[in-house]
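Below is input-v2.pdb, which holds PDB, C-alpha atoms.
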ATOM      1  CA  MET T1162     -30.521  15.506  21.600
ATOM      2  CA  ARG T1163     -30.023  13.511  18.419
ATOM      3  CA  ILE T1164     -29.959   9.738  18.099
ATOM      4  CA  LYS T1165     -29.810   7.328  15.186
ATOM      5  CA  LEU T1166     -33.080   5.361  14.987
ATOM      6  CA  SER T1167     -33.283   2.617  12.343
ATOM      7  CA  CYS T1168     -33.715   4.622   9.111
ATOM      8  CA  GLY T1169     -32.304   7.941  10.180
ATOM      9  CA  ASP T1170     -31.499  10.526  12.827
ATOM     10  CA  VAL T1171     -34.260  11.781  15.127
ATOM     11  CA  GLU T1172     -34.443  14.501  17.762
ATOM     12  CA  ILE T1173     -35.620  13.312  21.178
ATOM     13  CA  PRO T1174     -35.947  15.147  24.490
ATOM     14  CA  ALA T1175     -33.181  14.678  27.023
ATOM     15  CA  GLY T1176     -34.108  11.942  29.474
ATOM     16  CA  THR T1177     -35.942   9.800  26.905
ATOM     17  CA  THR T1178     -35.509   6.122  27.710
ATOM     18  CA  ALA T1179     -35.159   3.191  25.323
ATOM     19  CA  ALA T1180     -38.596   1.884  26.312
ATOM     20  CA  GLY T1181     -40.106   5.340  25.902
ATOM     21  CA  LEU T1182     -38.690   5.628  22.426
ATOM     22  CA  ARG T1183     -39.955   2.130  21.609
ATOM     23  CA  ASP T1184     -43.466   3.069  22.800
ATOM     24  CA  SER T1185     -43.562   6.141  20.578
ATOM     25  CA  HIS T1186     -41.837   4.612  17.560
ATOM     26  CA  ARG T1187     -42.826   0.939  17.458
ATOM     27  CA  PRO T1188     -45.279   0.111  20.232
ATOM     28  CA  GLY T1189     -45.178  -3.543  21.166
ATOM     29  CA  ALA T1190     -41.675  -4.138  19.769
ATOM     30  CA  ASP T1191     -40.112  -7.131  21.519
ATOM     31  CA  VAL T1192     -36.461  -6.228  21.186
ATOM     32  CA  ILE T1193     -34.693  -2.912  21.645
ATOM     33  CA  VAL T1194     -31.054  -2.863  20.566
ATOM     34  CA  VAL T1195     -28.983   0.088  21.804
ATOM     35  CA  ASN T1196     -25.468   0.456  20.428
ATOM     36  CA  GLY T1197     -25.305  -3.186  19.376
ATOM     37  CA  ALA T1198     -26.614  -4.811  22.548
ATOM     38  CA  PRO T1199     -30.190  -5.808  23.386
ATOM     39  CA  VAL T1200     -31.584  -3.811  26.289
ATOM     40  CA  THR T1201     -32.664  -5.985  29.203
ATOM     41  CA  HIS T1202     -33.315  -3.090  31.605
ATOM     42  CA  ASP T1203     -34.590   0.266  30.432
ATOM     43  CA  VAL T1204     -31.862   2.847  29.940
ATOM     44  CA  ILE T1205     -31.774   6.608  29.432
ATOM     45  CA  LEU T1206     -30.598   7.329  25.916
ATOM     46  CA  ARG T1207     -27.627   9.544  25.236
ATOM     47  CA  ASP T1208     -26.761  11.805  22.336
ATOM     48  CA  GLY T1209     -25.485   9.788  19.362
ATOM     49  CA  ASP T1210     -26.900   6.447  20.508
ATOM     50  CA  GLU T1211     -27.942   3.956  17.824
ATOM     51  CA  VAL T1212     -31.323   2.356  18.496
ATOM     52  CA  VAL T1213     -33.255  -0.333  16.625
ATOM     53  CA  CYS T1214     -36.663  -1.661  17.746
ATOM     54  CA  VAL T1215     -37.990  -4.889  16.214
ATOM     55  CA  SER T1216     -40.904  -7.248  16.683
ATOM     56  CA  HIS T1217     -40.436 -10.992  16.668
ATOM     57  CA  GLU T1218     -43.319 -11.627  14.333
ATOM     58  CA  GLU T1219     -43.240  -8.632  12.018
ATOM     59  CA  LYS T1220     -41.006  -8.004   9.049
ATOM     60  CA  PRO T1221     -39.888  -4.386   9.283
ATOM     61  CA  PRO T1222     -40.547  -1.925   6.479
ATOM     62  CA  ALA T1223     -37.880  -1.905   3.771
ATOM     63  CA  CYS T1224     -35.980   1.094   5.092
ATOM     64  CA  GLU T1225     -35.745  -0.485   8.582
ATOM     65  CA  LEU T1226     -34.768  -3.979   7.488
ATOM     66  CA  GLY T1227     -31.086  -3.250   6.853
ATOM     67  CA  PRO T1228     -30.552  -1.457  10.179
ATOM     68  CA  ALA T1229     -32.444  -4.260  11.952
ATOM     69  CA  VAL T1230     -30.252  -6.954  10.371
ATOM     70  CA  THR T1231     -27.068  -5.135  11.355
ATOM     71  CA  ALA T1232     -28.271  -3.811  14.730
ATOM     72  CA  ARG T1233     -26.081  -6.259  16.636
ATOM     73  CA  CYS T1234     -22.888  -5.290  14.794
ATOM     74  CA  GLY T1235     -22.168  -2.515  17.265
ATOM     75  CA  PRO T1236     -22.206   1.275  17.036
ATOM     76  CA  GLY T1237     -20.824   2.726  13.834
ATOM     77  CA  VAL T1238     -19.722  -0.617  12.433
ATOM     78  CA  ALA T1239     -22.417  -1.324   9.850
ATOM     79  CA  SER T1240     -22.490   2.295   8.720
ATOM     80  CA  ARG T1241     -18.757   2.120   7.968
ATOM     81  CA  LEU T1242     -18.960  -1.315   6.368
ATOM     82  CA  GLY T1243     -21.933  -0.061   4.373
ATOM     83  CA  LYS T1244     -19.634   2.340   2.540
ATOM     84  CA  ALA T1245     -17.150  -0.423   1.676
ATOM     85  CA  SER T1246     -16.814  -2.686  -1.323
ATOM     86  CA  VAL T1247     -15.255  -6.162  -1.319
ATOM     87  CA  GLY T1248     -14.265  -8.391  -4.223
ATOM     88  CA  ILE T1249     -14.891 -12.112  -3.790
ATOM     89  CA  ALA T1250     -12.562 -14.048  -6.097
ATOM     90  CA  GLY T1251     -14.228 -17.461  -6.244
ATOM     91  CA  CYS T1252     -17.634 -18.307  -4.754
ATOM     92  CA  GLY T1253     -17.106 -21.823  -3.425
ATOM     93  CA  GLY T1254     -16.540 -22.913   0.165
ATOM     94  CA  LEU T1255     -14.576 -19.836   1.141
ATOM     95  CA  GLY T1256     -16.167 -17.217  -1.088
ATOM     96  CA  SER T1257     -19.791 -18.091  -0.446
ATOM     97  CA  ASN T1258     -19.285 -18.079   3.311
ATOM     98  CA  VAL T1259     -17.143 -14.911   3.314
ATOM     99  CA  ALA T1260     -19.769 -13.119   1.222
ATOM    100  CA  VAL T1261     -22.579 -14.201   3.540
ATOM    101  CA  ALA T1262     -20.621 -13.144   6.641
ATOM    102  CA  LEU T1263     -19.941  -9.733   5.125
ATOM    103  CA  ALA T1264     -23.559  -9.295   4.013
ATOM    104  CA  ARG T1265     -24.679 -10.089   7.562
ATOM    105  CA  SER T1266     -22.242  -7.381   8.707
ATOM    106  CA  GLY T1267     -23.829  -4.779   6.440
ATOM    107  CA  ILE T1268     -21.202  -4.581   3.719
ATOM    108  CA  GLY T1269     -22.178  -2.055   1.067
ATOM    109  CA  ARG T1270     -21.111  -3.797  -2.118
ATOM    110  CA  LEU T1271     -19.884  -7.262  -3.090
ATOM    111  CA  VAL T1272     -18.388  -8.235  -6.434
ATOM    112  CA  LEU T1273     -18.844 -11.985  -6.943
ATOM    113  CA  VAL T1274     -16.683 -13.764  -9.510
ATOM    114  CA  ASP T1275     -16.864 -17.501 -10.293
ATOM    115  CA  PRO T1276     -17.332 -19.440 -13.542
ATOM    116  CA  ASP T1277     -18.979 -22.546 -12.036
ATOM    117  CA  THR T1278     -22.488 -23.791 -11.385
ATOM    118  CA  VAL T1279     -23.657 -25.303  -8.105
ATOM    119  CA  ASP T1280     -23.392 -29.092  -7.951
ATOM    120  CA  PRO T1281     -24.389 -31.491  -5.165
ATOM    121  CA  THR T1282     -20.794 -32.030  -3.966
ATOM    122  CA  ASN T1283     -20.620 -28.316  -3.134
ATOM    123  CA  LEU T1284     -23.295 -28.561  -0.468
ATOM    124  CA  ASN T1285     -20.948 -30.075   2.144
ATOM    125  CA  ARG T1286     -19.258 -26.709   2.689
ATOM    126  CA  GLN T1287     -20.631 -24.001   0.403
ATOM    127  CA  HIS T1288     -23.524 -21.712   1.318
ATOM    128  CA  PHE T1289     -25.948 -23.088  -1.263
ATOM    129  CA  PHE T1290     -29.092 -25.176  -1.158
ATOM    130  CA  VAL T1291     -30.493 -28.089  -3.162
ATOM    131  CA  ALA T1292     -32.682 -25.625  -5.058
ATOM    132  CA  HIS T1293     -29.512 -23.921  -6.371
ATOM    133  CA  ILE T1294     -28.117 -27.029  -8.124
ATOM    134  CA  GLY T1295     -27.389 -26.177 -11.740
ATOM    135  CA  LEU T1296     -27.452 -22.410 -11.228
ATOM    136  CA  PRO T1297     -24.362 -20.247 -11.708
ATOM    137  CA  LYS T1298     -22.777 -19.866  -8.269
ATOM    138  CA  VAL T1299     -22.660 -16.092  -8.581
ATOM    139  CA  GLU T1300     -26.413 -15.942  -9.232
ATOM    140  CA  ALA T1301     -27.248 -18.373  -6.440
ATOM    141  CA  LEU T1302     -25.044 -16.451  -4.008
ATOM    142  CA  ALA T1303     -26.546 -13.125  -5.055
ATOM    143  CA  SER T1304     -30.003 -14.508  -4.200
ATOM    144  CA  VAL T1305     -28.759 -15.768  -0.818
ATOM    145  CA  ILE T1306     -27.332 -12.329  -0.016
ATOM    146  CA  LEU T1307     -30.544 -10.609  -1.111
ATOM    147  CA  GLY T1308     -32.396 -12.931   1.259
ATOM    148  CA  ILE T1309     -30.224 -11.896   4.211
ATOM    149  CA  HIS T1310     -29.374  -8.222   3.772
ATOM    150  CA  PRO T1311     -31.125  -6.600   0.792
ATOM    151  CA  PRO T1312     -29.223  -3.280   1.006
ATOM    152  CA  THR T1313     -25.942  -4.982   0.009
ATOM    153  CA  ARG T1314     -25.379  -4.228  -3.676
ATOM    154  CA  VAL T1315     -24.144  -7.271  -5.577
ATOM    155  CA  GLU T1316     -22.366  -7.403  -8.915
ATOM    156  CA  THR T1317     -21.766 -10.779 -10.549
ATOM    157  CA  PHE T1318     -19.288 -12.059 -13.101
ATOM    158  CA  ALA T1319     -19.660 -15.716 -14.161
ATOM    159  CA  GLU T1320     -16.119 -16.012 -15.421
ATOM    160  CA  ARG T1321     -12.699 -17.341 -14.490
ATOM    161  CA  ILE T1322     -10.191 -14.985 -12.892
ATOM    162  CA  ARG T1323      -6.879 -14.661 -14.692
ATOM    163  CA  PRO T1324      -3.929 -12.279 -14.281
ATOM    164  CA  GLY T1325      -4.684  -9.175 -16.303
ATOM    165  CA  GLY T1326      -8.399  -9.329 -15.582
ATOM    166  CA  LEU T1327      -8.523  -8.055 -12.012
ATOM    167  CA  GLU T1328      -8.689  -4.332 -12.685
ATOM    168  CA  ARG T1329     -11.908  -4.732 -14.681
ATOM    169  CA  LEU T1330     -13.569  -7.173 -12.263
ATOM    170  CA  PHE T1331     -12.638  -5.540  -8.983
ATOM    171  CA  ALA T1332     -12.785  -1.836  -9.840
ATOM    172  CA  TYR T1333     -13.589   0.281  -6.766
ATOM    173  CA  CYS T1334     -13.117  -2.640  -4.345
ATOM    174  CA  ASP T1335     -11.507  -1.714  -1.019
ATOM    175  CA  VAL T1336     -10.356  -5.288  -0.323
ATOM    176  CA  VAL T1337     -10.158  -8.498  -2.362
ATOM    177  CA  ALA T1338     -10.737 -11.955  -0.873
ATOM    178  CA  GLU T1339      -8.918 -14.795  -2.640
ATOM    179  CA  CYS T1340     -11.273 -17.761  -2.415
ATOM    180  CA  LEU T1341     -10.005 -19.865  -5.322
ATOM    181  CA  ASP T1342      -9.544 -23.638  -5.412
ATOM    182  CA  THR T1343      -6.132 -24.510  -6.767
ATOM    183  CA  ALA T1344      -2.674 -23.702  -5.450
ATOM    184  CA  GLY T1345      -1.682 -22.306  -8.838
ATOM    185  CA  ASP T1346      -4.611 -19.898  -8.974
ATOM    186  CA  LYS T1347      -4.037 -18.790  -5.402
ATOM    187  CA  ALA T1348      -0.355 -18.184  -6.084
ATOM    188  CA  PHE T1349      -0.842 -15.678  -8.902
ATOM    189  CA  MET T1350      -3.152 -13.438  -6.886
ATOM    190  CA  PRO T1351      -0.664 -11.487  -4.705
ATOM    191  CA  ALA T1352       1.388 -10.245  -7.678
ATOM    192  CA  ALA T1353      -1.716  -9.681  -9.818
ATOM    193  CA  VAL T1354      -3.521  -7.673  -7.142
ATOM    194  CA  ARG T1355      -0.409  -5.619  -6.451
ATOM    195  CA  ALA T1356       0.060  -4.853 -10.152
ATOM    196  CA  GLU T1357      -3.554  -4.284 -11.166
ATOM    197  CA  LEU T1358      -5.119  -2.959  -7.960
ATOM    198  CA  PRO T1359      -2.357  -0.941  -6.273
ATOM    199  CA  GLY T1360      -2.986  -0.297  -2.603
ATOM    200  CA  VAL T1361      -5.848  -2.795  -2.346
ATOM    201  CA  PRO T1362      -5.268  -5.365   0.430
ATOM    202  CA  LEU T1363      -5.623  -9.060  -0.395
ATOM    203  CA  VAL T1364      -6.884 -11.639   2.095
ATOM    204  CA  THR T1365      -5.808 -15.028   0.820
ATOM    205  CA  VAL T1366      -6.043 -18.619   2.103
ATOM    206  CA  SER T1367      -3.793 -21.668   2.142
ATOM    207  CA  GLY T1368      -4.208 -24.815   4.216
ATOM    208  CA  ILE T1369      -7.798 -25.634   5.168
ATOM    209  CA  ALA T1370      -8.331 -29.240   4.056
ATOM    210  CA  GLY T1371      -9.261 -32.198   6.252
ATOM    211  CA  HIS T1372     -10.352 -32.152   9.865
ATOM    212  CA  GLY T1373      -7.154 -31.401  11.754
ATOM    213  CA  ASP T1374      -6.915 -28.970  14.660
ATOM    214  CA  ALA T1375      -8.906 -25.865  13.719
ATOM    215  CA  ASN T1376      -6.729 -23.801  16.058
ATOM    216  CA  GLU T1377      -3.855 -24.191  13.587
ATOM    217  CA  ILE T1378      -5.741 -21.948  11.178
ATOM    218  CA  VAL T1379      -4.428 -18.439  11.789
ATOM    219  CA  THR T1380      -4.313 -15.057  10.034
ATOM    220  CA  ARG T1381      -1.024 -13.265   9.406
ATOM    221  CA  GLU T1382       0.025 -10.373   7.195
ATOM    222  CA  VAL T1383       2.810 -12.220   5.388
ATOM    223  CA  MET T1384       3.629  -9.564   2.803
ATOM    224  CA  ALA T1385       2.748  -5.873   2.932
ATOM    225  CA  GLY T1386      -0.992  -5.803   2.299
ATOM    226  CA  VAL T1387      -1.251  -9.577   1.847
ATOM    227  CA  HIS T1388      -3.050 -11.321   4.696
ATOM    228  CA  LEU T1389      -2.806 -15.117   4.742
ATOM    229  CA  VAL T1390      -5.338 -17.366   6.472
ATOM    230  CA  GLY T1391      -4.789 -21.083   7.051
ATOM    231  CA  ASP T1392      -2.350 -23.600   8.449
ATOM    232  CA  GLN T1393      -0.267 -23.291   5.221
ATOM    233  CA  ARG T1394       0.003 -27.075   5.085
ATOM    234  CA  SER T1395      -3.305 -28.991   4.764
ATOM    235  CA  ASP T1396      -3.663 -29.658   1.043
ATOM    236  CA  VAL T1397      -6.538 -31.147  -0.881
ATOM    237  CA  THR T1398      -5.096 -34.440  -2.096
ATOM    238  CA  SER T1399      -6.394 -37.928  -2.677
ATOM    239  CA  GLY T1400      -7.390 -39.263   0.696
ATOM    240  CA  VAL T1401      -7.836 -35.848   2.273
ATOM    241  CA  GLY T1402     -11.254 -34.227   1.995
ATOM    242  CA  ILE T1403     -12.388 -30.689   2.525
ATOM    243  CA  MET T1404     -15.193 -30.085   4.992
ATOM    244  CA  ALA T1405     -17.437 -27.348   6.290
ATOM    245  CA  PRO T1406     -15.943 -27.027   9.792
ATOM    246  CA  ARG T1407     -12.403 -25.987   8.772
ATOM    247  CA  VAL T1408     -13.608 -24.136   5.663
ATOM    248  CA  LEU T1409     -15.965 -22.056   7.803
ATOM    249  CA  VAL T1410     -13.203 -21.367  10.325
ATOM    250  CA  ALA T1411     -11.046 -20.050   7.491
ATOM    251  CA  ALA T1412     -13.908 -18.102   5.904
ATOM    252  CA  GLY T1413     -14.603 -16.569   9.303
ATOM    253  CA  HIS T1414     -10.945 -15.567   9.617
ATOM    254  CA  GLN T1415     -11.080 -14.052   6.149
ATOM    255  CA  ALA T1416     -14.278 -12.108   6.736
ATOM    256  CA  ASN T1417     -13.064 -10.886  10.118
ATOM    257  CA  ARG T1418      -9.756  -9.680   8.707
ATOM    258  CA  ILE T1419     -11.656  -7.861   5.962
ATOM    259  CA  VAL T1420     -13.810  -6.169   8.611
ATOM    260  CA  GLN T1421     -10.672  -5.200  10.546
ATOM    261  CA  ILE T1422      -9.070  -3.779   7.411
ATOM    262  CA  ILE T1423     -12.148  -1.702   6.553
ATOM    263  CA  LEU T1424     -12.418  -0.449  10.139
ATOM    264  CA  GLY T1425      -8.699   0.410  10.185
ATOM    265  CA  GLU T1426      -7.926  -2.013  12.999
ATOM    266  CA  VAL T1427      -5.316  -4.226  11.387
ATOM    267  CA  VAL T1428      -2.340  -4.893  13.581
ATOM    268  CA  PRO T1429       1.050  -3.950  12.111
ATOM    269  CA  ARG T1430       2.619  -6.426   9.757
ATOM    270  CA  GLU T1431       4.244  -9.334  11.533
ATOM    271  CA  LYS T1432       7.438 -10.904  10.350
ATOM    272  CA  THR T1433       7.096 -14.395   8.880
TER     273      THR T1433
ATOM    274  CA  MET G 929      26.230 -14.404  -0.130
ATOM    275  CA  LYS G 930      23.671 -13.948   2.641
ATOM    276  CA  VAL G 931      19.994 -13.278   2.074
ATOM    277  CA  VAL G 932      17.041 -13.357   4.452
ATOM    278  CA  ILE G 933      14.288 -15.812   3.539
ATOM    279  CA  ASN G 934      11.157 -15.768   5.710
ATOM    280  CA  SER G 935      13.113 -14.050   8.500
ATOM    281  CA  GLN G 936      15.932 -16.658   8.414
ATOM    282  CA  THR G 937      19.388 -15.566   7.270
ATOM    283  CA  VAL G 938      20.701 -18.131   4.794
ATOM    284  CA  GLU G 939      23.815 -18.512   2.662
ATOM    285  CA  VAL G 940      23.204 -18.856  -1.075
ATOM    286  CA  PRO G 941      25.707 -19.136  -3.933
ATOM    287  CA  ALA G 942      26.650 -15.913  -5.737
ATOM    288  CA  GLY G 943      24.485 -15.468  -8.830
ATOM    289  CA  SER G 944      21.514 -17.228  -7.247
ATOM    290  CA  THR G 945      18.078 -16.381  -8.550
ATOM    291  CA  ILE G 946      14.676 -16.710  -6.922
ATOM    292  CA  GLU G 947      14.122 -19.640  -9.253
ATOM    293  CA  SER G 948      17.320 -21.443  -8.254
ATOM    294  CA  ILE G 949      16.735 -20.830  -4.549
ATOM    295  CA  LEU G 950      13.180 -22.191  -4.693
ATOM    296  CA  ALA G 951      14.203 -25.135  -6.871
ATOM    297  CA  GLY G 952      16.984 -25.977  -4.417
ATOM    298  CA  ARG G 953      14.388 -26.186  -1.670
ATOM    299  CA  GLY G 954      12.013 -28.304  -3.727
ATOM    300  CA  ILE G 955       9.403 -25.536  -3.860
ATOM    301  CA  ALA G 956       7.063 -25.537  -6.867
ATOM    302  CA  LEU G 957       7.343 -22.151  -8.585
ATOM    303  CA  ASP G 958       3.764 -22.120  -9.811
ATOM    304  CA  HIS G 959       2.370 -22.637  -6.302
ATOM    305  CA  THR G 960       4.375 -19.822  -4.768
ATOM    306  CA  ALA G 961       4.218 -16.062  -4.275
ATOM    307  CA  VAL G 962       7.459 -14.198  -3.636
ATOM    308  CA  GLU G 963       8.182 -10.759  -2.203
ATOM    309  CA  ARG G 964      11.671  -9.271  -2.428
ATOM    310  CA  ASN G 965      12.499  -6.150  -0.434
ATOM    311  CA  GLY G 966       8.824  -5.267  -0.126
ATOM    312  CA  GLU G 967       7.985  -5.809  -3.775
ATOM    313  CA  ILE G 968       5.774  -8.724  -4.780
ATOM    314  CA  LEU G 969       7.403 -10.282  -7.807
ATOM    315  CA  ASP G 970       5.693 -11.187 -11.032
ATOM    316  CA  PRO G 971       6.734 -14.769 -11.866
ATOM    317  CA  THR G 972       8.583 -13.425 -14.921
ATOM    318  CA  MET G 973      11.049 -11.893 -12.423
ATOM    319  CA  TYR G 974      11.985 -15.188 -10.778
ATOM    320  CA  GLY G 975      14.995 -15.563 -13.067
ATOM    321  CA  SER G 976      16.611 -12.318 -11.892
ATOM    322  CA  ALA G 977      19.589 -12.535  -9.581
ATOM    323  CA  VAL G 978      19.239 -11.820  -5.871
ATOM    324  CA  SER G 979      21.593  -9.484  -4.067
ATOM    325  CA  GLU G 980      23.447  -9.615  -0.757
ATOM    326  CA  GLY G 981      21.073  -8.775   2.097
ATOM    327  CA  ASP G 982      17.869  -9.138   0.082
ATOM    328  CA  GLU G 983      14.844  -9.764   2.262
ATOM    329  CA  ILE G 984      12.735 -12.427   0.598
ATOM    330  CA  VAL G 985       9.340 -13.703   1.652
ATOM    331  CA  VAL G 986       8.178 -16.989   0.142
ATOM    332  CA  VAL G 987       4.552 -18.077   0.539
ATOM    333  CA  ARG G 988       3.691 -21.596  -0.623
ATOM    334  CA  PHE G 989       0.066 -22.233  -1.444
ATOM    335  CA  VAL G 990      -1.819 -25.506  -1.150
ATOM    336  CA  GLY G 991      -5.198 -26.181  -2.706
ATOM    337  CA  GLY G 992      -8.677 -25.919  -1.214
ATOM    338  CA  GLY G 993     -11.362 -23.307  -1.343
TER     339      GLY G 993
END

Would you kindly transcribe this structure into structure tokens?
Amino acid sequence: MRIKLSCGDVEIPAGTTAAGLRDSHRPGADVIVVNGAPVTHDVILRDGDEVVCVSHEEKPPACELGPAVTARCGPGVASRLGKASVGIAGCGGLGSNVAVALARSGIGRLVLVDPDTVDPTNLNRQHFFVAHIGLPKVEALASVILGIHPPTRVETFAERIRPGGLERLFAYCDVVAECLDTAGDKAFMPAAVRAELPGVPLVTVSGIAGHGDANEIVTREVMAGVHLVGDQRSDVTSGVGIMAPRVLVAAGHQANRIVQIILGEVVPREKT
Amino acid sequence: MKVVINSQTVEVPAGSTIESILAGRGIALDHTAVERNGEILDPTMYGSAVSEGDEIVVVRFVGGG
């Protein structure tokens, strides 16, 4: 019988239990995760099961760290996401949080594009820290990702995204996330992605400002291959701020739709 | 002439363009993405005339990221 144990496949005798495997592989491990769920009562393992054993106080060896980080993603999920590549167009409130969510999910490759450096006003919603102030956002975000899920490969481009430049920046990306600031920049992305990256889905965002009802933020495929997150209304204007709670809701929608797209689970296009 | 905009059938004058339709609705062209009959239009196409029965999707973007 063959199971997937952290770094690779192993042969085990039929009837081996999760605790038995733990005792032979990592004695004293505190947590056994089988097929995405922590085991609370010992179970007999079955062919094809995915098992990760970790200790609370011990950093796993390098080859086991990635599987340990993604153990709770569920069977087969991280291994499929690990083969996928996502372009992050803009690394501010949306992009930084989408990138982190995807890294936590075991994404294989991220292409980070943003021309800006981290400033203190970013820290209300963007996944950066005081120590990052003054650094290029793409570099700061790359270090954050490395600190969460080292197997994710990160490519960085500290430059502004313009129509005509997408093919070079986002080569080999399976999906592109539009995480730009201004309405004008957001608006050029659907046509630019369609022209320069044919067949690559775009997950874009409009309407996340303020602190209105978070349940108004939804995801819909509004054009073929263009998935729109947001309430389509809440604009950043004088008197209306932009805050972590709604930005993270939207970034979560974006990251989840990207996961669905990669896993082939996207519902058919809905009419607007 | 009838066209479908965001799933609503609407009457527009003959010779209408994407640009004239959006302008008539007070929609800023540079904050908008437009799909016509399944094709996402480059903004340079907004001046081309629409045809009877065209299915048009208009997405208006607001800022924030």

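Residues lying within 12 Å of Ala1180 of chain T, counting all atoms listed in the file and ignoring same-chain neighbours fewer than 6 positions away, are His1186, Arg1187, Pro1188, Gly1189, Ala1190, Asp1191, Val1192, Ile1193, Val1194, Val1195, Pro1199, Val1200, Thr1201, His1202, Asp1203, Val1204, Ile1205, Leu1206, Val1212, Val1213 and Cys1214 of chain T.
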
Could those selected residues go to a file with C-alpha atoms, as a CSV table (one decimal), in the coordinates of the input?
chain,number,residue,atom,x,y,z
T,1186,HIS,CA,-41.8,4.6,17.6
T,1187,ARG,CA,-42.8,0.9,17.5
T,1188,PRO,CA,-45.3,0.1,20.2
T,1189,GLY,CA,-45.2,-3.5,21.2
T,1190,ALA,CA,-41.7,-4.1,19.8
T,1191,ASP,CA,-40.1,-7.1,21.5
T,1192,VAL,CA,-36.5,-6.2,21.2
T,1193,ILE,CA,-34.7,-2.9,21.6
T,1194,VAL,CA,-31.1,-2.9,20.6
T,1195,VAL,CA,-29.0,0.1,21.8
T,1199,PRO,CA,-30.2,-5.8,23.4
T,1200,VAL,CA,-31.6,-3.8,26.3
T,1201,THR,CA,-32.7,-6.0,29.2
T,1202,HIS,CA,-33.3,-3.1,31.6
T,1203,ASP,CA,-34.6,0.3,30.4
T,1204,VAL,CA,-31.9,2.8,29.9
T,1205,ILE,CA,-31.8,6.6,29.4
T,1206,LEU,CA,-30.6,7.3,25.9
T,1212,VAL,CA,-31.3,2.4,18.5
T,1213,VAL,CA,-33.3,-0.3,16.6
T,1214,CYS,CA,-36.7,-1.7,17.7

Do you know which residues the ChimeraX specification (/T :<7) & /G returns on this file, as a list in words?
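Applying the expression gives Asn934, Ser935, Asp958, His959, Thr960, Ala961, Glu963, Gly966, Ile968, Leu969, Asp970, Phe989, Val990, Gly991, Gly992 and Gly993 of chain G.
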
Please produce a file of the residues just selected, as a CSV table (one decimal), in the frame of the given file, where the atoms kept are C-alpha atoms.
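Here's the written file out_26.csv:
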chain,number,residue,atom,x,y,z
G,934,ASN,CA,11.2,-15.8,5.7
G,935,SER,CA,13.1,-14.0,8.5
G,958,ASP,CA,3.8,-22.1,-9.8
G,959,HIS,CA,2.4,-22.6,-6.3
G,960,THR,CA,4.4,-19.8,-4.8
G,961,ALA,CA,4.2,-16.1,-4.3
G,963,GLU,CA,8.2,-10.8,-2.2
G,966,GLY,CA,8.8,-5.3,-0.1
G,968,ILE,CA,5.8,-8.7,-4.8
G,969,LEU,CA,7.4,-10.3,-7.8
G,970,ASP,CA,5.7,-11.2,-11.0
G,989,PHE,CA,0.1,-22.2,-1.4
G,990,VAL,CA,-1.8,-25.5,-1.2
G,991,GLY,CA,-5.2,-26.2,-2.7
G,992,GLY,CA,-8.7,-25.9,-1.2
G,993,GLY,CA,-11.4,-23.3,-1.3

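The environment of Ser1304 of chain T within 12 Å, counting all atoms listed in the file and disregarding residues fewer than 3 places along the same chain, consists of Ser1257, Ala1260, Val1261, Ala1264, Leu1273, His1288, Phe1289, Phe1290, Ala1292, His1293, Leu1296, Pro1297, Lys1298, Val1299, Glu1300, Ala1301, Leu1307, Gly1308, Ile1309, His1310, Pro1311, Thr1313, Arg1314, Val1315, Glu1316 and Thr1317 of chain T.
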
Students should find that atom CA of Cys1168 of chain T and atom CA of Gly1181 of chain T are spaced 18.0 Å

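Here atom CA of Val1272 of chain T is placed at a distance of 7.7 Å from atom CA of Phe1318 of chain T.
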
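This file, queried with the PyMOL selection byres ((chain G and resi 942-950) around 9), gives the residues G:Met929, G:Val940, G:Pro941, G:Ala951, G:Gly952, G:Arg953, G:Gly954, G:Ile955, G:Ala956, G:Leu957, G:Val962, G:Met973, G:Tyr974, G:Gly975, G:Ser976, G:Ala977, G:Val978, G:Ser979, G:Glu980, G:Ile984, G:Val986.
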
* **Ala1416 of chain T surroundings by only C-alpha atoms, 7 Å radius, close-in-sequence under 6 positions cut, as a list in words** => Val1259, Ala1262 and Leu1263 of chain T

Any chance you can output those residues with C-alpha atoms as a PDB file, keeping the file's coordinate frame?
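Final output, saved to again_14.pdb:
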ATOM      1  CA  VAL T1259     -17.143 -14.911   3.314  1.00  0.00           C
ATOM      2  CA  ALA T1262     -20.621 -13.144   6.641  1.00  0.00           C
ATOM      3  CA  LEU T1263     -19.941  -9.733   5.125  1.00  0.00           C
TER       4      LEU T1263
END

Separating atom CA of Leu1330 of chain T from atom CA of Val1361 of chain T, to the nearest tenth of an Å, is a gap of 13.3 Å

To test the calculation: enclose all listed atoms of segment 936-949 of chain G in a box whose edges run along x, y and z, add 6 Å on each side, then state centre and edge lengths in Å to one decimal, as lines of an AutoDock Vina configuration file.
center_x = 20.4
center_y = -18.5
center_z = -0.4
size_x = 24.5
size_y = 18.0
size_z = 29.7

*For this file, the PyMOL selection byres ((chain T and resi 1169-1173) around 10) selects which residues, as a PyMOL selection string?*
chain T and resi 1162-1168+1174-1178+1182+1206-1212+1224-1225+1228

Next item on the list: Rank T:Asn1258, T:Ser1399, T:Ser1240, T:Thr1278 by their smallest atom-to-atom distance to Leu1424 of chain T, using only C-alpha atoms, and report the top residue only.
Entry: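 For Leu1424 of chain T, the nearest of the given residues is T:Ser1240.
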